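**Q** My questions will all concern the structure given below.
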Amino acid sequence: MLQSLKHTFRFMLQQRVLFWSMLLDLVTALFCSVIVLLPIVAHDVLHLGAEGLSLLRAAPAIGTALMMGVLLHFSPSQKAWRNMLLASIGIAITTCVFALSTSLWLSIALLILIGALDSISMVIRQSLLQQLPPQDLHGRVAALNGIWVTTGNHLGALNSSMASRYFSITPAILIGGSLCLSICLFSFFRNRDLLKTPSSYEKYKYL
């Protein structure tokens with residue numbers, strides 16, 4: 001089992017676009033998990049009741065549904081790394097603006113945008129997971145990705161909850177978005193050569 005895991009990790013480290021895409025997805029889950037904080041935002045910042053909270057809670061799903069309709073006609077995987085980077089940076093910036101918003105409709109619009117951008121990163125990551133691993137590694141890479149994503153979502157909820165406890169709600173969201181943006185910019189400068197790589201998935205292999 002340890003040898004199998006070691007082989008899977010080595011493969012993912014060799015596939016730079018896959019590794020960094022999964023890392024950005026984990027970073028956005030860790031530092032931009034605003035969904036778990038929506039009850040506090042609705043009550044303390046926007047001064048809303050249950051109806052206002054329901055609108056905020058539905059907004060990311062609306063963004064996801066709208067973007068999925070767009071992605072049926074325009075695939076984001078042709079420039080996978082560029083689009084993943086732009087989506088992650090967009091989520092980070094939108095999260096920072098959401099932290100400062102005191103308007104219900106602006107907050108709803110920002111949450112719709114977060115849902116739309118998150119769906120782009122999800123489609124890119126799933127496409128890479130289907131295309132890049134060889135047949136004998138598909139199951140192991142998919143399992144590792146499942147652990148990665150599930151853990152990231154739960155740790156993101158824990159991180160957001162603890163940050164809001166110690167920094168209050170607005171600074172907590174703003175700090176999380178800023179940290180995510182910093183890591184996205186580091187990823188950009190660290191992997192600028194990937195932006196010049198041809199779009200074929202086979203060209204992303206660095207063995």
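Every chain in the structure tokens takes a letter, A first, then B, and so on in the order presented; its residues are numbered from 1, and the ligands are numbered from 1 following the presented order.
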So which residues touch stretch 12-19 of chain A within 12 Å, counting only C-alpha atoms, skipping near sequence neighbours fewer than 4 positions away, as a ChimeraX atom specification?
**A** /A:5-8,23-26,77,79-85,121,124-134,137-138,140-142,144-145,148,187-188,190-195,197-207
**Q** Take the residues from that selection and put them in a file with C-alpha atoms, as a PDB file, in the first residue's frame.
**A**
```
ATOM      1  CA  LEU A   5       0.801   5.653  -2.495  1.00  0.00           C
ATOM      2  CA  LYS A   6       4.408   6.626  -3.128  1.00  0.00           C
ATOM      3  CA  HIS A   7       4.021   5.868  -6.829  1.00  0.00           C
ATOM      4  CA  THR A   8       0.815   7.929  -6.984  1.00  0.00           C
ATOM      5  CA  LEU A  23      -3.191  22.797  -4.855  1.00  0.00           C
ATOM      6  CA  LEU A  24      -5.052  25.936  -5.934  1.00  0.00           C
ATOM      7  CA  ASP A  25      -8.350  24.124  -5.480  1.00  0.00           C
ATOM      8  CA  LEU A  26      -7.290  23.149  -1.950  1.00  0.00           C
ATOM      9  CA  SER A  77      -9.734  22.886 -20.493  1.00  0.00           C
ATOM     10  CA  LYS A  79      -5.971  26.519 -21.605  1.00  0.00           C
ATOM     11  CA  ALA A  80      -6.226  24.537 -18.405  1.00  0.00           C
ATOM     12  CA  TRP A  81      -3.553  26.170 -16.263  1.00  0.00           C
ATOM     13  CA  ARG A  82      -4.365  29.729 -17.332  1.00  0.00           C
ATOM     14  CA  ASN A  83      -8.086  29.264 -16.705  1.00  0.00           C
ATOM     15  CA  MET A  84      -7.494  27.518 -13.382  1.00  0.00           C
ATOM     16  CA  LEU A  85      -5.246  30.354 -12.276  1.00  0.00           C
ATOM     17  CA  SER A 121     -11.952  25.129 -11.446  1.00  0.00           C
ATOM     18  CA  ILE A 124     -10.712  21.765 -15.175  1.00  0.00           C
ATOM     19  CA  ARG A 125      -9.546  19.595 -12.293  1.00  0.00           C
ATOM     20  CA  GLN A 126     -11.881  16.734 -13.184  1.00  0.00           C
ATOM     21  CA  SER A 127     -10.862  16.931 -16.847  1.00  0.00           C
ATOM     22  CA  LEU A 128      -7.175  16.717 -15.925  1.00  0.00           C
ATOM     23  CA  LEU A 129      -7.874  13.795 -13.612  1.00  0.00           C
ATOM     24  CA  GLN A 130      -9.565  11.937 -16.459  1.00  0.00           C
ATOM     25  CA  GLN A 131      -6.983  12.711 -19.131  1.00  0.00           C
ATOM     26  CA  LEU A 132      -3.560  12.675 -17.484  1.00  0.00           C
ATOM     27  CA  PRO A 133      -3.240   9.550 -15.290  1.00  0.00           C
ATOM     28  CA  PRO A 134      -2.382   6.284 -17.048  1.00  0.00           C
ATOM     29  CA  LEU A 137      -3.264   4.929 -11.822  1.00  0.00           C
ATOM     30  CA  HIS A 138      -6.757   6.273 -12.504  1.00  0.00           C
ATOM     31  CA  ARG A 140      -5.540   5.749  -7.038  1.00  0.00           C
ATOM     32  CA  VAL A 141      -5.309   9.315  -8.329  1.00  0.00           C
ATOM     33  CA  ALA A 142      -9.104   9.697  -8.162  1.00  0.00           C
ATOM     34  CA  LEU A 144      -6.347  10.717  -3.549  1.00  0.00           C
ATOM     35  CA  ASN A 145      -8.201  13.619  -5.147  1.00  0.00           C
ATOM     36  CA  TRP A 148      -7.838  15.972  -0.919  1.00  0.00           C
ATOM     37  CA  SER A 187       1.743  29.940  -8.170  1.00  0.00           C
ATOM     38  CA  PHE A 188       1.650  32.251 -11.179  1.00  0.00           C
ATOM     39  CA  ARG A 190       6.414  29.846  -9.920  1.00  0.00           C
ATOM     40  CA  ASN A 191       4.832  28.315 -13.044  1.00  0.00           C
ATOM     41  CA  ARG A 192       4.904  31.027 -15.685  1.00  0.00           C
ATOM     42  CA  ASP A 193       6.293  28.565 -18.205  1.00  0.00           C
ATOM     43  CA  LEU A 194       3.055  26.536 -18.040  1.00  0.00           C
ATOM     44  CA  LEU A 195       1.215  29.468 -19.602  1.00  0.00           C
ATOM     45  CA  THR A 197       2.660  25.178 -22.869  1.00  0.00           C
ATOM     46  CA  PRO A 198       0.474  23.870 -25.744  1.00  0.00           C
ATOM     47  CA  SER A 199      -3.075  22.998 -24.775  1.00  0.00           C
ATOM     48  CA  SER A 200      -2.834  19.265 -25.408  1.00  0.00           C
ATOM     49  CA  TYR A 201      -2.983  17.277 -22.186  1.00  0.00           C
ATOM     50  CA  GLU A 202      -0.092  15.141 -23.337  1.00  0.00           C
ATOM     51  CA  LYS A 203       2.094  18.242 -23.420  1.00  0.00           C
ATOM     52  CA  TYR A 204       1.519  18.741 -19.702  1.00  0.00           C
ATOM     53  CA  LYS A 205       3.511  15.633 -18.836  1.00  0.00           C
ATOM     54  CA  TYR A 206       6.900  16.321 -17.297  1.00  0.00           C
ATOM     55  CA  LEU A 207       8.352  12.886 -16.597  1.00  0.00           C
TER      56      LEU A 207
END
```
**Q** Find the residues around A:Ile35 up to 10 Å (only C-alpha atoms counted), leave out those fewer than 4 positions away in its own chain, and share them as a VMD selection string.
**A** chain A and resid 39 41 56 to 57 60 111 157 160
**Q** Write out, as a Markdown table, each residue of stretch 10-87 of chain A that has an atom at most 9 Å from stretch 170-184 of chain A, together with the closest pair of atoms and their distance in Å to one decimal, counting only C-alpha atoms, rows going by chain and rising number.
**A**
```
| residue | atom | partner | partner_atom | distance |
| --- | --- | --- | --- | --- |
| A:Leu24 | CA | A:Cys184 | CA | 6.9 |
| A:Val27 | CA | A:Cys180 | CA | 6.1 |
| A:Thr28 | CA | A:Cys180 | CA | 6.1 |
| A:Leu30 | CA | A:Gly176 | CA | 8.1 |
| A:Phe31 | CA | A:Gly176 | CA | 4.4 |
| A:Cys32 | CA | A:Gly177 | CA | 5.8 |
| A:Ser33 | CA | A:Ile173 | CA | 8.4 |
| A:Val34 | CA | A:Ile173 | CA | 7.0 |
| A:Leu37 | CA | A:Ile173 | CA | 8.8 |
| A:Val41 | CA | A:Thr170 | CA | 8.3 |
| A:Val45 | CA | A:Thr170 | CA | 8.2 |
| A:Leu85 | CA | A:Cys184 | CA | 6.9 |
| A:Leu86 | CA | A:Cys184 | CA | 8.9 |
```
**Q** Within 12 Å of A:Ala59, counting only C-alpha atoms, which residues qualify if same-chain residues fewer than 4 places away don't, as a compact mmCIF listing (two decimals) with all heavy atoms, in the first residue's frame?
**A**
```
# COMPACT_ATOMS: atom_id res chain seq x y z
N VAL A 34 -16.58 30.81 2.49
CA VAL A 34 -17.50 31.79 3.07
C VAL A 34 -18.89 31.20 3.32
O VAL A 34 -19.68 31.78 4.08
CB VAL A 34 -17.62 33.04 2.17
CG1 VAL A 34 -16.28 33.73 2.04
CG2 VAL A 34 -18.15 32.66 0.79
N ILE A 35 -19.20 30.06 2.69
CA ILE A 35 -20.55 29.49 2.82
C ILE A 35 -20.88 29.18 4.27
O ILE A 35 -21.98 29.47 4.75
CB ILE A 35 -20.68 28.22 1.96
CG1 ILE A 35 -20.35 28.52 0.49
CG2 ILE A 35 -22.10 27.66 2.07
CD1 ILE A 35 -21.23 29.56 -0.13
N LEU A 38 -22.07 32.23 6.28
CA LEU A 38 -23.21 33.04 5.82
C LEU A 38 -24.23 33.36 6.91
O LEU A 38 -24.76 34.48 6.92
CB LEU A 38 -23.89 32.34 4.64
CG LEU A 38 -23.11 32.35 3.32
CD1 LEU A 38 -23.93 31.68 2.21
CD2 LEU A 38 -22.74 33.77 2.91
N GLY A 52 -33.43 36.47 4.00
CA GLY A 52 -32.20 36.99 3.42
C GLY A 52 -31.09 35.95 3.40
O GLY A 52 -30.34 35.83 2.42
N LEU A 53 -31.01 35.16 4.48
CA LEU A 53 -30.00 34.10 4.53
C LEU A 53 -30.25 33.07 3.44
O LEU A 53 -29.30 32.57 2.82
CB LEU A 53 -30.03 33.43 5.90
CG LEU A 53 -29.12 32.21 6.07
CD1 LEU A 53 -27.66 32.56 5.81
CD2 LEU A 53 -29.29 31.61 7.47
N SER A 54 -31.50 32.74 3.19
CA SER A 54 -31.80 31.75 2.14
C SER A 54 -31.38 32.26 0.77
O SER A 54 -30.91 31.48 -0.07
CB SER A 54 -33.30 31.42 2.15
OG SER A 54 -34.08 32.55 1.79
N LEU A 55 -31.51 33.56 0.52
CA LEU A 55 -31.05 34.12 -0.75
C LEU A 55 -29.54 34.02 -0.88
O LEU A 55 -29.01 33.66 -1.94
CB LEU A 55 -31.49 35.58 -0.87
CG LEU A 55 -32.98 35.86 -1.02
CD1 LEU A 55 -33.26 37.36 -1.00
CD2 LEU A 55 -33.50 35.25 -2.33
N GLY A 63 -24.94 30.50 -9.40
CA GLY A 63 -23.74 30.75 -10.20
C GLY A 63 -23.20 29.49 -10.83
O GLY A 63 -22.79 29.49 -12.01
N THR A 64 -23.20 28.39 -10.08
CA THR A 64 -22.72 27.12 -10.61
C THR A 64 -23.60 26.65 -11.77
O THR A 64 -23.09 26.21 -12.81
CB THR A 64 -22.71 26.06 -9.50
OG1 THR A 64 -21.80 26.47 -8.47
CG2 THR A 64 -22.27 24.71 -10.05
N ALA A 65 -24.92 26.73 -11.59
CA ALA A 65 -25.83 26.28 -12.65
C ALA A 65 -25.67 27.11 -13.91
O ALA A 65 -25.64 26.57 -15.03
CB ALA A 65 -27.27 26.35 -12.14
N LEU A 66 -25.55 28.43 -13.76
CA LEU A 66 -25.39 29.29 -14.93
C LEU A 66 -24.07 29.01 -15.65
O LEU A 66 -24.04 28.92 -16.89
CB LEU A 66 -25.45 30.76 -14.50
CG LEU A 66 -26.80 31.27 -13.98
CD1 LEU A 66 -26.66 32.70 -13.47
CD2 LEU A 66 -27.86 31.18 -15.07
N LEU A 104 -27.03 43.72 0.41
CA LEU A 104 -27.55 42.39 0.16
C LEU A 104 -27.35 41.97 -1.28
O LEU A 104 -26.84 40.89 -1.58
CB LEU A 104 -29.04 42.32 0.53
CG LEU A 104 -29.78 41.04 0.09
CD1 LEU A 104 -29.18 39.81 0.74
CD2 LEU A 104 -31.27 41.15 0.40
N TRP A 105 -27.72 42.84 -2.21
CA TRP A 105 -27.68 42.46 -3.62
C TRP A 105 -26.26 42.37 -4.15
O TRP A 105 -25.96 41.53 -5.01
CB TRP A 105 -28.52 43.43 -4.45
CG TRP A 105 -29.97 43.38 -4.05
CD1 TRP A 105 -30.67 44.34 -3.40
CD2 TRP A 105 -30.85 42.27 -4.23
NE1 TRP A 105 -31.95 43.92 -3.15
CE2 TRP A 105 -32.09 42.65 -3.65
CE3 TRP A 105 -30.73 41.01 -4.79
CZ2 TRP A 105 -33.19 41.81 -3.65
CZ3 TRP A 105 -31.82 40.15 -4.79
CH2 TRP A 105 -33.03 40.56 -4.22
N LEU A 106 -25.38 43.20 -3.64
CA LEU A 106 -23.97 43.06 -4.02
C LEU A 106 -23.41 41.74 -3.49
O LEU A 106 -22.69 41.03 -4.21
CB LEU A 106 -23.16 44.23 -3.48
CG LEU A 106 -21.64 44.16 -3.73
CD1 LEU A 106 -21.33 44.07 -5.21
CD2 LEU A 106 -20.94 45.36 -3.09
N SER A 107 -23.75 41.40 -2.27
CA SER A 107 -23.28 40.13 -1.69
C SER A 107 -23.81 38.95 -2.47
O SER A 107 -23.08 37.97 -2.72
CB SER A 107 -23.71 40.03 -0.22
OG SER A 107 -23.13 41.05 0.56
N ILE A 108 -25.07 39.01 -2.88
CA ILE A 108 -25.65 37.93 -3.68
C ILE A 108 -24.91 37.81 -5.02
O ILE A 108 -24.57 36.70 -5.46
CB ILE A 108 -27.15 38.17 -3.91
CG1 ILE A 108 -27.92 37.96 -2.60
CG2 ILE A 108 -27.70 37.24 -5.00
CD1 ILE A 108 -29.39 38.29 -2.68
N ALA A 109 -24.65 38.95 -5.66
CA ALA A 109 -23.94 38.93 -6.95
C ALA A 109 -22.53 38.34 -6.79
O ALA A 109 -22.07 37.56 -7.63
CB ALA A 109 -23.86 40.35 -7.52
N LEU A 110 -21.85 38.69 -5.70
CA LEU A 110 -20.50 38.16 -5.46
C LEU A 110 -20.53 36.66 -5.19
O LEU A 110 -19.66 35.92 -5.67
CB LEU A 110 -19.87 38.89 -4.28
CG LEU A 110 -19.55 40.38 -4.51
CD1 LEU A 110 -19.18 41.05 -3.20
CD2 LEU A 110 -18.43 40.54 -5.53
N LEU A 111 -21.53 36.19 -4.46
CA LEU A 111 -21.65 34.76 -4.20
C LEU A 111 -21.98 33.99 -5.48
O LEU A 111 -21.51 32.86 -5.68
CB LEU A 111 -22.72 34.51 -3.14
CG LEU A 111 -22.34 34.92 -1.72
CD1 LEU A 111 -23.55 34.83 -0.79
CD2 LEU A 111 -21.21 34.05 -1.18
N ILE A 112 -22.80 34.59 -6.34
CA ILE A 112 -23.07 33.96 -7.64
C ILE A 112 -21.78 33.83 -8.44
O ILE A 112 -21.49 32.80 -9.06
CB ILE A 112 -24.12 34.78 -8.43
CG1 ILE A 112 -25.49 34.65 -7.77
CG2 ILE A 112 -24.18 34.34 -9.89
CD1 ILE A 112 -26.56 35.54 -8.40
N LEU A 113 -20.96 34.88 -8.41
CA LEU A 113 -19.68 34.85 -9.12
C LEU A 113 -18.73 33.80 -8.52
O LEU A 113 -18.04 33.09 -9.26
CB LEU A 113 -19.04 36.23 -9.06
CG LEU A 113 -17.73 36.42 -9.84
CD1 LEU A 113 -17.91 36.06 -11.31
CD2 LEU A 113 -17.23 37.85 -9.69
N ILE A 114 -18.72 33.68 -7.20
CA ILE A 114 -17.88 32.66 -6.56
C ILE A 114 -18.31 31.26 -7.00
O ILE A 114 -17.47 30.41 -7.33
CB ILE A 114 -17.94 32.79 -5.03
CG1 ILE A 114 -17.19 34.04 -4.57
CG2 ILE A 114 -17.37 31.55 -4.34
CD1 ILE A 114 -17.30 34.32 -3.08
N GLY A 115 -19.62 31.02 -7.04
CA GLY A 115 -20.12 29.72 -7.49
C GLY A 115 -19.75 29.43 -8.93
O GLY A 115 -19.38 28.31 -9.28
N ALA A 116 -19.82 30.47 -9.78
CA ALA A 116 -19.48 30.30 -11.20
C ALA A 116 -18.00 29.99 -11.37
O ALA A 116 -17.61 29.08 -12.11
CB ALA A 116 -19.86 31.55 -11.97
```
**Q** Out of A:Val123, A:Leu117, A:Ala29, A:Met1, which residue has the shortest atom-to-atom distance to A:Thr150 when counting only C-alpha atoms?
**A** A:Ala29
**Q** Report, in Å to a single decimal, how far apart atom CA of A:Val149 and atom CA of A:Phe74 are.
**A**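 Straight-line distance from atom CA of A:Phe74 to atom CA of A:Val149 works out to 24.8 Å.
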**Q** Write out as an MDAnalysis selection string all residues of stretch 66-105 of chain A that backbone DSSP assigns to alpha helix (DSSP H).
**A** chainID A and resid 66:71 80:100 104:105
